[in-house]
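Undergrad: Provided herewith: model-v3.csv, CSV, C-alpha atoms and all ligand atoms.
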```
chain,number,residue,atom,x,y,z
A,1,MET,CA,80.1,87.3,-62.7
A,2,ALA,CA,83.3,85.4,-63.4
A,3,SER,CA,82.8,85.6,-67.1
A,4,LEU,CA,84.7,88.9,-67.3
A,5,PRO,CA,88.2,88.6,-69.0
A,6,ARG,CA,90.7,87.6,-66.3
A,7,PHE,CA,93.6,89.9,-67.2
A,8,GLY,CA,96.2,87.5,-65.9
A,9,TRP,CA,94.2,86.6,-62.7
A,10,PRO,CA,94.5,82.8,-62.1
A,11,GLU,CA,91.4,80.6,-62.2
A,12,GLY,CA,90.3,79.8,-58.7
A,13,LYS,CA,88.2,76.8,-57.8
A,14,THR,CA,86.0,78.3,-55.0
A,15,LEU,CA,83.1,80.7,-54.9
A,16,GLN,CA,85.3,83.0,-53.0
A,17,GLY,CA,88.0,82.9,-55.7
A,18,GLU,CA,85.4,83.7,-58.4
A,19,ARG,CA,84.3,86.7,-56.4
A,20,MET,CA,87.9,87.9,-56.1
A,21,GLN,CA,88.4,87.4,-59.9
A,22,TRP,CA,85.3,89.5,-60.6
A,23,PHE,CA,86.7,92.3,-58.4
A,24,TRP,CA,90.1,92.1,-60.1
A,25,SER,CA,88.6,92.1,-63.6
A,26,ALA,CA,86.2,95.0,-62.8
A,27,THR,CA,89.0,97.0,-61.3
A,28,PHE,CA,91.2,96.3,-64.3
A,29,ILE,CA,88.4,97.5,-66.6
A,30,ALA,CA,87.8,100.6,-64.6
A,31,ALA,CA,91.6,101.4,-64.6
A,32,LEU,CA,91.6,100.9,-68.4
A,33,VAL,CA,88.7,103.3,-68.9
A,34,VAL,CA,90.5,105.9,-66.8
A,35,GLY,CA,93.7,105.2,-68.7
A,36,VAL,CA,92.2,105.5,-72.1
A,37,LEU,CA,90.6,108.9,-71.1
A,38,VAL,CA,94.0,110.2,-69.7
A,39,TRP,CA,95.9,109.0,-72.7
A,40,GLY,CA,93.3,110.5,-75.0
A,41,LEU,CA,93.5,113.9,-73.3
A,42,MET,CA,97.3,113.8,-73.5
A,43,PHE,CA,97.5,113.0,-77.1
A,44,TRP,CA,94.7,115.5,-77.9
A,45,SER,CA,96.7,118.2,-76.2
A,46,PHE,CA,100.0,117.1,-77.9
A,47,ALA,CA,98.2,117.4,-81.3
A,48,VAL,CA,96.1,120.5,-80.8
A,49,TYR,CA,98.5,122.6,-78.8
A,50,ARG,CA,101.8,121.6,-80.3
A,51,LYS,CA,104.3,124.3,-81.1
A,52,ARG,CA,103.7,125.8,-84.5
A,53,LYS,CA,105.6,128.2,-86.7
A,54,GLY,CA,105.3,131.6,-85.3
A,55,SER,CA,104.2,130.4,-81.8
A,56,PRO,CA,105.4,132.6,-79.0
A,57,LEU,CA,108.6,131.4,-77.2
A,58,TYR,CA,106.7,130.6,-74.0
A,59,PRO,CA,103.1,129.5,-73.6
A,60,LYS,CA,100.7,131.9,-72.0
A,61,GLN,CA,101.0,131.5,-68.2
A,62,THR,CA,97.7,130.8,-66.4
A,63,LYS,CA,97.0,129.8,-62.8
A,64,GLU,CA,94.2,129.3,-60.3
A,65,ASN,CA,91.2,127.9,-62.1
A,66,LEU,CA,89.1,127.1,-59.0
A,67,PRO,CA,86.3,125.1,-60.7
A,68,LEU,CA,88.8,122.9,-62.5
A,69,GLU,CA,90.8,122.3,-59.3
A,70,LEU,CA,87.6,121.3,-57.5
A,71,VAL,CA,86.7,118.9,-60.3
A,72,TYR,CA,90.1,117.1,-60.4
A,73,THR,CA,90.0,116.8,-56.6
A,74,ALA,CA,86.5,115.5,-56.5
A,75,ILE,CA,86.8,112.9,-59.3
A,76,PRO,CA,89.8,111.0,-57.8
A,77,LEU,CA,88.0,111.1,-54.4
A,78,VAL,CA,84.9,109.4,-56.0
A,79,MET,CA,87.1,106.8,-57.7
A,80,VAL,CA,88.9,106.0,-54.4
A,81,ALA,CA,85.6,105.7,-52.6
A,82,VAL,CA,84.2,103.3,-55.3
A,83,LEU,CA,87.4,101.1,-55.1
A,84,PHE,CA,87.3,101.2,-51.4
A,85,TYR,CA,83.6,100.1,-51.3
A,86,PHE,CA,84.2,97.1,-53.6
A,87,THR,CA,87.4,96.2,-51.8
A,88,VAL,CA,85.6,96.0,-48.5
A,89,THR,CA,82.5,94.2,-49.8
A,90,THR,CA,84.8,91.6,-51.6
A,91,GLU,CA,86.8,91.1,-48.5
A,92,ASN,CA,83.7,90.7,-46.4
A,93,TYR,CA,82.4,88.1,-48.8
A,94,VAL,CA,85.6,86.1,-48.8
A,95,LEU,CA,85.9,86.2,-45.0
A,96,LYS,CA,82.2,85.6,-44.3
A,97,ARG,CA,81.5,82.7,-42.1
A,98,LYS,CA,78.1,81.0,-42.0
A,99,GLU,CA,76.7,79.8,-38.7
A,100,ASN,CA,76.4,76.1,-39.6
A,101,PRO,CA,79.1,75.0,-42.1
A,102,ASP,CA,78.4,71.6,-43.8
A,103,VAL,CA,81.9,70.3,-43.0
A,104,THR,CA,84.4,71.5,-40.4
A,105,VAL,CA,88.1,70.4,-40.6
A,106,ALA,CA,90.6,71.0,-38.0
A,107,VAL,CA,93.9,71.6,-39.8
A,108,THR,CA,97.0,70.9,-37.6
A,109,ALA,CA,100.3,71.9,-39.0
A,110,PHE,CA,103.5,70.6,-37.5
A,111,LYS,CA,107.1,70.2,-38.5
A,112,TRP,CA,106.9,69.1,-41.2
A,113,ASN,CA,103.5,67.7,-42.1
A,114,TRP,CA,99.7,68.1,-41.8
A,115,ASP,CA,96.9,66.5,-39.8
A,116,PHE,CA,93.3,67.0,-41.0
A,117,ALA,CA,90.5,66.0,-38.6
A,118,TYR,CA,86.8,66.0,-39.4
A,119,GLU,CA,84.9,67.6,-36.6
A,120,GLY,CA,81.9,65.6,-35.4
A,121,SER,CA,83.0,62.3,-37.0
A,122,LYS,CA,83.7,59.1,-35.2
A,123,ASN,CA,85.6,56.1,-36.6
A,124,ALA,CA,85.2,52.5,-35.5
A,125,GLU,CA,87.8,53.1,-32.7
A,126,GLY,CA,85.7,55.9,-31.3
A,127,GLU,CA,88.2,58.6,-32.5
A,128,GLU,CA,87.6,61.5,-34.7
A,129,VAL,CA,88.4,60.7,-38.4
A,130,HIS,CA,91.7,62.2,-39.3
A,131,THR,CA,94.3,62.0,-42.0
A,132,VAL,CA,98.0,62.6,-41.2
A,133,GLY,CA,100.9,62.8,-43.6
A,134,THR,CA,104.0,60.7,-43.1
A,135,THR,CA,107.6,61.0,-44.3
A,136,ASP,CA,106.7,59.3,-47.5
A,137,GLU,CA,103.0,60.0,-47.9
A,138,ILE,CA,101.4,63.3,-48.7
A,139,PRO,CA,98.2,63.7,-46.7
A,140,LEU,CA,94.9,64.0,-48.6
A,141,LEU,CA,92.4,66.5,-47.4
A,142,VAL,CA,89.2,65.1,-48.9
A,143,LEU,CA,86.5,67.6,-49.2
A,144,PRO,CA,83.1,68.0,-50.9
A,145,VAL,CA,82.2,70.2,-53.8
A,146,GLY,CA,79.3,72.7,-53.4
A,147,LYS,CA,79.3,72.6,-49.6
A,148,THR,CA,80.3,75.2,-47.0
A,149,ILE,CA,83.6,74.1,-45.5
A,150,GLU,CA,85.1,75.6,-42.4
A,151,TYR,CA,88.8,75.3,-41.6
A,152,HIS,CA,90.2,75.6,-38.1
A,153,LEU,CA,93.9,76.3,-38.3
A,154,GLN,CA,96.4,75.4,-35.5
A,155,SER,CA,100.1,74.7,-35.3
A,156,LYS,CA,101.8,72.4,-32.9
A,157,ASP,CA,105.1,74.2,-33.0
A,158,VAL,CA,106.2,77.1,-35.2
A,159,ILE,CA,104.3,79.4,-37.6
A,160,HIS,CA,103.2,77.6,-40.7
A,161,SER,CA,100.9,78.7,-43.5
A,162,PHE,CA,98.0,76.9,-45.0
A,163,TRP,CA,98.0,77.6,-48.7
A,164,VAL,CA,96.0,75.9,-51.5
A,165,PRO,CA,96.9,78.0,-54.6
A,166,ASP,CA,93.6,77.0,-56.3
A,167,PHE,CA,91.7,78.5,-53.4
A,168,LEU,CA,93.5,81.8,-54.1
A,169,PHE,CA,93.7,82.0,-50.4
A,170,LYS,CA,96.4,81.6,-47.8
A,171,ARG,CA,96.5,82.0,-44.1
A,172,ASP,CA,99.2,81.7,-41.5
A,173,VAL,CA,98.9,78.9,-38.9
A,174,PHE,CA,99.9,79.9,-35.5
A,175,PRO,CA,100.7,77.8,-32.4
A,176,PHE,CA,97.9,77.9,-29.9
A,177,PRO,CA,97.2,80.2,-28.1
A,178,ASP,CA,98.3,83.0,-30.2
A,179,ALA,CA,97.3,86.2,-31.9
A,180,ASN,CA,95.7,84.3,-34.7
A,181,GLN,CA,93.0,82.9,-32.5
A,182,VAL,CA,91.9,86.4,-31.6
A,183,ASP,CA,88.9,87.5,-33.5
A,184,ASN,CA,88.6,84.0,-35.1
A,185,GLY,CA,91.7,84.5,-37.2
A,186,ASP,CA,92.3,80.8,-37.1
A,187,LYS,CA,89.0,80.1,-38.9
A,188,PHE,CA,87.8,80.6,-42.5
A,189,GLN,CA,85.3,79.1,-44.8
A,190,ASN,CA,84.9,78.5,-48.5
A,191,GLU,CA,82.9,76.5,-51.0
A,192,ILE,CA,84.7,74.5,-53.7
A,193,THR,CA,83.2,74.7,-57.2
A,194,GLU,CA,85.1,71.9,-59.1
A,195,ALA,CA,86.0,68.3,-58.4
A,196,GLY,CA,89.6,67.3,-58.7
A,197,ALA,CA,93.0,67.4,-57.1
A,198,MET,CA,94.6,70.6,-55.9
A,199,VAL,CA,98.0,70.9,-54.4
A,200,GLY,CA,98.4,72.4,-50.9
A,201,ARG,CA,101.6,73.8,-49.4
A,202,CYS,CA,103.1,75.3,-46.3
A,203,ALA,CA,103.8,78.9,-47.3
A,204,GLU,CA,105.7,80.0,-44.2
A,205,LEU,CA,109.4,79.1,-44.0
A,206,CYS,CA,109.3,76.7,-41.0
A,207,GLY,CA,112.6,74.9,-40.9
A,208,GLN,CA,114.7,72.3,-42.7
A,209,TYR,CA,111.9,70.4,-44.5
A,210,HIS,CA,109.6,73.3,-45.1
A,211,SER,CA,109.6,72.6,-48.8
A,212,MET,CA,108.4,69.0,-48.2
A,213,MET,CA,105.4,70.2,-46.3
A,214,GLN,CA,102.8,69.6,-49.0
A,215,PHE,CA,99.3,68.1,-49.0
A,216,GLU,CA,96.6,67.6,-51.5
A,217,VAL,CA,93.0,68.7,-51.5
A,218,ARG,CA,90.8,66.1,-53.2
A,219,ALA,CA,87.5,67.7,-54.0
A,220,LEU,CA,84.8,65.1,-54.5
A,221,PRO,CA,81.2,65.5,-55.6
A,222,ALA,CA,79.0,65.5,-52.5
A,223,ASP,CA,77.7,61.9,-52.9
A,224,LEU,CA,81.2,60.5,-53.2
A,225,PHE,CA,82.3,62.6,-50.2
A,226,ALA,CA,79.5,61.1,-48.1
A,227,GLN,CA,80.6,57.7,-49.2
A,228,TYR,CA,84.2,58.5,-48.2
A,229,MET,CA,83.2,59.7,-44.8
A,230,ASP,CA,81.0,56.6,-44.3
A,231,LEU,CA,84.0,54.3,-45.1
A,232,ARG,CA,86.3,56.3,-42.8
A,233,GLN,CA,83.9,55.6,-40.0
A,234,THR,CA,83.6,51.9,-40.8
A,235,LYS,CA,85.9,49.0,-39.9
A,236,ASN,CA,87.9,47.7,-42.8
A,237,PRO,CA,87.5,43.9,-42.8
A,238,ALA,CA,91.0,43.6,-44.4
A,239,THR,CA,92.8,45.3,-41.5
A,240,GLY,CA,90.3,45.2,-38.6
A,241,VAL,CA,90.5,48.9,-38.1
A,242,SER,CA,88.8,51.9,-39.7
A,243,TYR,CA,89.4,52.6,-43.4
A,244,THR,CA,92.4,54.9,-43.9
A,245,ALA,CA,92.1,57.7,-46.5
A,246,ALA,CA,93.9,55.6,-49.1
A,247,ALA,CA,91.9,52.4,-48.3
A,248,ALA,CA,88.6,54.3,-48.5
A,249,LEU,CA,89.5,55.8,-51.8
A,250,THR,CA,90.6,52.5,-53.2
A,251,GLU,CA,87.4,50.9,-52.1
A,252,MET,CA,85.4,53.6,-53.7
A,253,ASN,CA,87.2,52.9,-57.0
A,254,CYS,CA,85.9,56.0,-58.9
A,255,GLY,CA,88.9,56.5,-61.2
A,256,GLU,CA,91.3,59.4,-61.0
A,257,LEU,CA,89.2,61.2,-58.3
A,258,CYS,CA,89.7,58.2,-56.0
A,259,ALA,CA,93.4,57.8,-56.5
A,260,PRO,CA,94.7,56.6,-53.1
A,261,GLN,CA,97.8,58.8,-53.3
A,262,ALA,CA,98.4,62.5,-54.0
A,263,THR,CA,98.2,63.0,-57.8
A,264,THR,CA,99.4,66.6,-58.2
A,265,THR,CA,102.1,68.7,-56.9
A,266,TYR,CA,101.4,71.6,-59.2
A,267,PRO,CA,99.2,74.6,-58.6
A,268,MET,CA,96.5,75.9,-60.8
A,269,ASP,CA,97.0,76.6,-64.5
A,270,THR,CA,97.3,80.4,-64.8
A,271,LYS,CA,97.1,80.0,-68.6
A,272,ARG,CA,99.9,82.5,-68.9
A,273,GLU,CA,101.7,79.9,-71.0
A,274,SER,CA,100.4,76.9,-72.9
A,275,LYS,CA,99.5,73.8,-71.0
A,276,SER,CA,102.3,71.4,-70.6
A,277,GLU,CA,102.3,67.6,-69.9
A,278,ILE,CA,105.0,68.3,-67.3
A,279,LEU,CA,102.4,69.8,-65.1
A,280,ARG,CA,100.8,66.5,-64.3
A,281,GLU,CA,103.9,64.4,-64.4
A,282,GLY,CA,104.9,65.1,-60.9
A,283,GLY,CA,103.2,61.9,-59.7
A,284,ALA,CA,102.4,60.9,-56.2
A,285,ASN,CA,105.4,61.9,-54.2
B,301,CU,CU,105.4,74.7,-42.4
```
For the structure just supplied, provide its representation as structure tokens.
Ligand SMILES: [Cu+2]
TA:
Amino acid sequence: MASLPRFGWPEGKTLQGERMQWFWSATFIAALVVGVLVWGLMFWSFAVYRKRKGSPLYPKQTKENLPLELVYTAIPLVMVAVLFYFTVTTENYVLKRKENPDVTVAVTAFKWNWDFAYEGSKNAEGEEVHTVGTTDEIPLLVLPVGKTIEYHLQSKDVIHSFWVPDFLFKRDVFPFPDANQVDNGDKFQNEITEAGAMVGRCAELCGQYHSMMQFEVRALPADLFAQYMDLRQTKNPATGVSYTAAAALTEMNCGELCAPQATTTYPMDTKRESKSEILREGGAN
């Protein structure tokens, strides 16, 4: 599906993003087909009915061709109906929520950081496993590849917005209780297709340090993710308390995927320009 040309659409790293890309590409192709037809008819008319020597001063005046008018009312209606159908089915796919997601994370936004808690987990202290950012540390939201992940969004103060550019998805995070919780607007799901680091950002101007409100999604293959969750629920002999995100990743020692600190502050490569070294140079903080 996703093998259609992208026509400028950025490369997403979720199943949902691939579906949106397919919709964009198919729409683009349909628009091109219509465009070529219209341009063709225009240039054909220019050529065939151009003014010639001896042409009358004014063209022959005609009006009210009922069959023709019916045709050019019906065709656009059909086109709009087709676009509408695929818009709705794509949206439904992107917003669909399975009954039993594999992982559920509670995302709490606050001025000016993020807290990610894994529902149903329990660390050595009997608390839910969670990762919170600090003034000098970007929080890592570690997630598995190829699993259904559900996100529960909630803010402690003002309106924020949970945005991972590589997900091609963004949703406002409201203080509870608020309109966003109506109709489960605080929840969405996706499935990540590619391991790696993805930058996450707050996309709703929320005050003085809004621009610092970043996080990183670290997508790990399912077995590494299981190992990560195990460690987060185990006492770290070095500190006597459960492994932190950084300590667990260090312990796993799986190379770049297990870097204990955020490794990217740059969103997906749209390939609109050539790849640059600068993209990855941002470093940890
Ligand atoms: Cu914010």
Undergrad: In terms of the shortest atom-to-atom distance over only C-alpha atoms and all ligand atoms, which of A:Ser211, A:Gln189, A:Thr263, A:Ser242 is closest to ligand CU 301 (chain B)?
TA: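 Once distances to ligand CU 301 (chain B) are computed over only C-alpha atoms and all ligand atoms, the minimum belongs to A:Ser211.
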Undergrad: Could you give me, as JSON lines, every chain A residue with an atom at most 7 Å from ligand CU 301 (chain B), plus its closest atom pair and distance in Å to one decimal, counting all atoms listed in the file, rows ordered by chain then number?
TA:
```
{"residue": "A:Ala109", "atom": "CA", "partner": "B:CU301", "partner_atom": "CU", "distance": 6.7}
{"residue": "A:Phe110", "atom": "CA", "partner": "B:CU301", "partner_atom": "CU", "distance": 6.7}
{"residue": "A:Lys111", "atom": "CA", "partner": "B:CU301", "partner_atom": "CU", "distance": 6.2}
{"residue": "A:Trp112", "atom": "CA", "partner": "B:CU301", "partner_atom": "CU", "distance": 5.9}
{"residue": "A:Ile159", "atom": "CA", "partner": "B:CU301", "partner_atom": "CU", "distance": 6.8}
{"residue": "A:His160", "atom": "CA", "partner": "B:CU301", "partner_atom": "CU", "distance": 4.0}
{"residue": "A:Ser161", "atom": "CA", "partner": "B:CU301", "partner_atom": "CU", "distance": 6.1}
{"residue": "A:Cys202", "atom": "CA", "partner": "B:CU301", "partner_atom": "CU", "distance": 4.6}
{"residue": "A:Ala203", "atom": "CA", "partner": "B:CU301", "partner_atom": "CU", "distance": 6.6}
{"residue": "A:Glu204", "atom": "CA", "partner": "B:CU301", "partner_atom": "CU", "distance": 5.6}
{"residue": "A:Leu205", "atom": "CA", "partner": "B:CU301", "partner_atom": "CU", "distance": 6.2}
{"residue": "A:Cys206", "atom": "CA", "partner": "B:CU301", "partner_atom": "CU", "distance": 4.6}
{"residue": "A:His210", "atom": "CA", "partner": "B:CU301", "partner_atom": "CU", "distance": 5.2}
{"residue": "A:Met213", "atom": "CA", "partner": "B:CU301", "partner_atom": "CU", "distance": 6.0}
```
Undergrad: Would you compute the distance between CA of Asp186 in chain A and CA of Thr108 in chain A? Give it in Å to one decimal.
TA: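 Distance between the two atoms: 11.0 Å.
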Undergrad: Name the closest residue to Leu168 in chain A among the candidates A:Met198, A:Leu141, A:Leu220, A:Ala259; distances are taken between atoms, counting all atoms listed in the file.
TA: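 Closest candidate: A:Met198.
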Undergrad: Return the single residue from A:Asn113, A:Thr104, A:Asn190, A:Thr134 that is closest to Val158 in chain A, with distances computed using only C-alpha atoms.
TA: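 Smallest separation from Val158 in chain A among the options: A:Asn113.
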Undergrad: For each of A:Gly17, A:Pro10, A:Gly196, A:Gly207, take the minimum atom-to-atom distance to Cys258 in chain A, counting all atoms listed in the file, then give the residue where this is smallest.
TA: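 Among the listed residues, the smallest separation from Cys258 in chain A belongs to A:Gly196.
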Undergrad: Go ahead and compute the interatomic distance for CA of Met79 in chain A and CA of Ser3 in chain A, in Å to one decimal.
TA: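 So the answer is 23.6 Å.
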